[in-house]
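Structure below is start-v5.pdb: PDB, C-alpha atoms, pLDDT in the B column.
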ATOM      1  CA  MET K   1      96.693  98.240 111.895  1.00 69.00           C
ATOM      2  CA  LEU K   2      98.301  97.707 115.269  1.00 67.00           C
ATOM      3  CA  ARG K   3      95.806  96.291 117.744  1.00 68.00           C
ATOM      4  CA  GLN K   4      95.855  94.942 121.288  1.00 72.00           C
ATOM      5  CA  VAL K   5      94.587  91.344 121.307  1.00 67.00           C
ATOM      6  CA  CYS K   6      94.583  89.492 124.619  1.00 64.00           C
ATOM      7  CA  GLY K   7      97.290  91.827 125.907  1.00 75.00           C
ATOM      8  CA  GLU K   8      99.512  91.362 122.845  1.00 75.00           C
ATOM      9  CA  ASN K   9     100.439  93.925 120.169  1.00 68.00           C
ATOM     10  CA  VAL K  10      99.280  92.459 116.859  1.00 71.00           C
ATOM     11  CA  ILE K  11      99.500  93.803 113.308  1.00 67.00           C
ATOM     12  CA  MET K  12      96.568  92.889 111.094  1.00 61.00           C
ATOM     13  CA  GLY K  13      94.762  94.152 108.018  1.00 59.00           C
ATOM     14  CA  GLU K  14      91.604  96.217 108.321  1.00 55.00           C
ATOM     15  CA  GLY K  15      88.166  94.891 107.484  1.00 50.00           C
ATOM     16  CA  LEU K  16      86.898  91.332 107.448  1.00 45.00           C
ATOM     17  CA  GLY K  17      88.325  90.662 103.986  1.00 47.00           C
ATOM     18  CA  ALA K  18      91.814  91.662 105.104  1.00 49.00           C
ATOM     19  CA  ILE K  19      92.011  89.373 108.121  1.00 51.00           C
ATOM     20  CA  ASN K  20      94.087  86.267 107.600  1.00 52.00           C
ATOM     21  CA  PHE K  21      94.699  84.687 110.986  1.00 53.00           C
ATOM     22  CA  GLY K  22      97.602  82.726 109.520  1.00 53.00           C
ATOM     23  CA  LYS K  23      99.357  86.032 108.860  1.00 57.00           C
ATOM     24  CA  LEU K  24      98.837  87.865 112.141  1.00 63.00           C
ATOM     25  CA  LEU K  25     102.085  89.177 113.546  1.00 71.00           C
ATOM     26  CA  ALA K  26     102.591  89.637 117.288  1.00 77.00           C
ATOM     27  CA  LEU K  27     105.013  92.409 118.253  1.00 82.00           C
ATOM     28  CA  ASN K  28     106.966  92.989 121.417  1.00 86.00           C
ATOM     29  CA  GLU K  29     106.904  96.463 122.959  1.00 89.00           C
ATOM     30  CA  THR K  30     109.894  97.742 120.971  1.00 92.00           C
ATOM     31  CA  ALA K  31     108.627  96.407 117.648  1.00 90.00           C
ATOM     32  CA  ALA K  32     105.230  97.986 118.322  1.00 90.00           C
ATOM     33  CA  TRP K  33     107.005 101.284 119.031  1.00 94.00           C
ATOM     34  CA  VAL K  34     108.882 101.010 115.701  1.00 94.00           C
ATOM     35  CA  TRP K  35     105.580 100.254 113.930  1.00 90.00           C
ATOM     36  CA  LYS K  36     104.011 103.406 115.423  1.00 91.00           C
ATOM     37  CA  GLN K  37     107.018 105.484 114.345  1.00 95.00           C
ATOM     38  CA  ALA K  38     106.800 104.112 110.806  1.00 93.00           C
ATOM     39  CA  ARG K  39     103.082 104.943 110.644  1.00 89.00           C
ATOM     40  CA  GLU K  40     103.693 108.490 111.895  1.00 93.00           C
ATOM     41  CA  MET K  41     106.539 109.054 109.424  1.00 94.00           C
ATOM     42  CA  GLY K  42     104.628 107.732 106.427  1.00 90.00           C
ATOM     43  CA  ASP K  43     107.660 107.475 104.176  1.00 92.00           C
ATOM     44  CA  PHE K  44     110.512 105.840 106.039  1.00 93.00           C
ATOM     45  CA  THR K  45     113.738 103.987 105.446  1.00 95.00           C
ATOM     46  CA  ILE K  46     115.613 101.487 107.547  1.00 96.00           C
ATOM     47  CA  GLU K  47     118.050 104.262 108.428  1.00 96.00           C
ATOM     48  CA  THR K  48     115.399 106.774 109.541  1.00 96.00           C
ATOM     49  CA  LEU K  49     113.676 104.182 111.732  1.00 96.00           C
ATOM     50  CA  ALA K  50     117.018 102.999 113.133  1.00 97.00           C
ATOM     51  CA  ASP K  51     117.923 106.591 114.002  1.00 97.00           C
ATOM     52  CA  LYS K  52     114.631 107.000 115.881  1.00 96.00           C
ATOM     53  CA  LEU K  53     115.229 103.679 117.648  1.00 96.00           C
ATOM     54  CA  CYS K  54     118.685 104.869 118.779  1.00 97.00           C
ATOM     55  CA  GLU K  55     117.169 108.112 120.089  1.00 96.00           C
ATOM     56  CA  GLU K  56     114.535 106.253 122.125  1.00 95.00           C
ATOM     57  CA  TYR K  57     116.486 103.208 123.337  1.00 94.00           C
ATOM     58  CA  GLU K  58     120.079 102.544 124.283  1.00 93.00           C
ATOM     59  CA  VAL K  59     121.115 100.593 121.195  1.00 94.00           C
ATOM     60  CA  GLN K  60     124.076 100.798 118.839  1.00 96.00           C
ATOM     61  CA  THR K  61     123.425 102.088 115.321  1.00 96.00           C
ATOM     62  CA  ASN K  62     124.457  98.855 113.571  1.00 96.00           C
ATOM     63  CA  GLU K  63     122.286  96.757 115.871  1.00 97.00           C
ATOM     64  CA  ALA K  64     119.332  99.124 115.399  1.00 97.00           C
ATOM     65  CA  ARG K  65     119.659  98.971 111.612  1.00 97.00           C
ATOM     66  CA  GLN K  66     119.752  95.157 111.642  1.00 97.00           C
ATOM     67  CA  ASP K  67     116.779  94.952 114.012  1.00 95.00           C
ATOM     68  CA  VAL K  68     114.742  97.363 111.872  1.00 96.00           C
ATOM     69  CA  ALA K  69     115.709  95.519 108.677  1.00 97.00           C
ATOM     70  CA  ASP K  70     114.589  92.232 110.265  1.00 95.00           C
ATOM     71  CA  LEU K  71     111.283  93.793 111.338  1.00 92.00           C
ATOM     72  CA  ILE K  72     110.629  95.180 107.870  1.00 92.00           C
ATOM     73  CA  ASP K  73     111.369  91.772 106.335  1.00 92.00           C
ATOM     74  CA  GLU K  74     108.811  90.178 108.672  1.00 86.00           C
ATOM     75  CA  TRP K  75     106.238  92.861 107.874  1.00 83.00           C
ATOM     76  CA  LYS K  76     106.733  92.252 104.165  1.00 85.00           C
ATOM     77  CA  LYS K  77     106.316  88.495 104.602  1.00 82.00           C
ATOM     78  CA  VAL K  78     102.857  88.978 106.124  1.00 75.00           C
ATOM     79  CA  ASP K  79     101.941  91.690 103.605  1.00 76.00           C
ATOM     80  CA  VAL K  80     101.420  94.520 106.091  1.00 77.00           C
ATOM     81  CA  ILE K  81     103.833  96.749 104.149  1.00 80.00           C
ATOM     82  CA  GLU K  82     105.049  96.787 100.550  1.00 74.00           C
TER
END

As structure tokens:
Amino acid sequence: MLRQVCGENVIMGEGLGAINFGKLLALNETAAWVWKQAREMGDFTIETLADKLCEEYEVQTNEARQDVADLIDEWKKVDVIE
């Protein structure tokens, strides 16, 4: 779940058993926006999220794909997505 903690966007698991403070991930505004898009889409790919990112922000397609791929890698490392 995306939460606001002390003014920061943070991804964390739900429920007391899911919280591992060593694996909290703070997101900047753009990364939080991508997270929300991914949640709304349900099934997503790097390409579909990159396309949405290009529609919302002034970013080149290749840069958007790399940024989304990097985000997804980080999310996998902290086990917030599979």

What is the distance between CA of Lys36 (chain K) and CA of Thr61 (chain K), in Å to one decimal?
19.5 Å

What is the CA of Glu40 (chain K) to CA of Lys77 (chain K) distance in Å?
21.4 Å

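Considering the residues K:Gly7, K:Val68, K:Asp73, K:Gly42 and counting all atoms listed in the file, Cys54 (chain K) has its shortest atom-to-atom contact with K:Val68.
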
Any idea what's packed within 12 Å of Ile46 (chain K), counting all atoms listed in the file, ignoring anything in its chain fewer than 3 positions away? Could you give it as a VMD selection string?
chain K and resid 34 to 35 37 to 38 41 43 49 to 53 61 to 73

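For the pair CA of Glu58 (chain K) and CA of Phe44 (chain K), the separation is 20.9 Å.
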
With distances taken over all atoms listed in the file, which of K:Glu8, K:Glu82, K:Asn28, K:Trp33 is nearest to Glu56 (chain K)?
K:Trp33

Of the candidates K:Lys76, K:Ala31, K:Arg39, K:Val10, which shows the shortest atom-to-atom distance to Tyr57 (chain K), using all atoms listed in the file?
K:Ala31

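Closest approach to Leu27 (chain K) among K:Ile81, K:Val59, K:Gln4, K:Thr45: K:Gln4, based on all atoms listed in the file.
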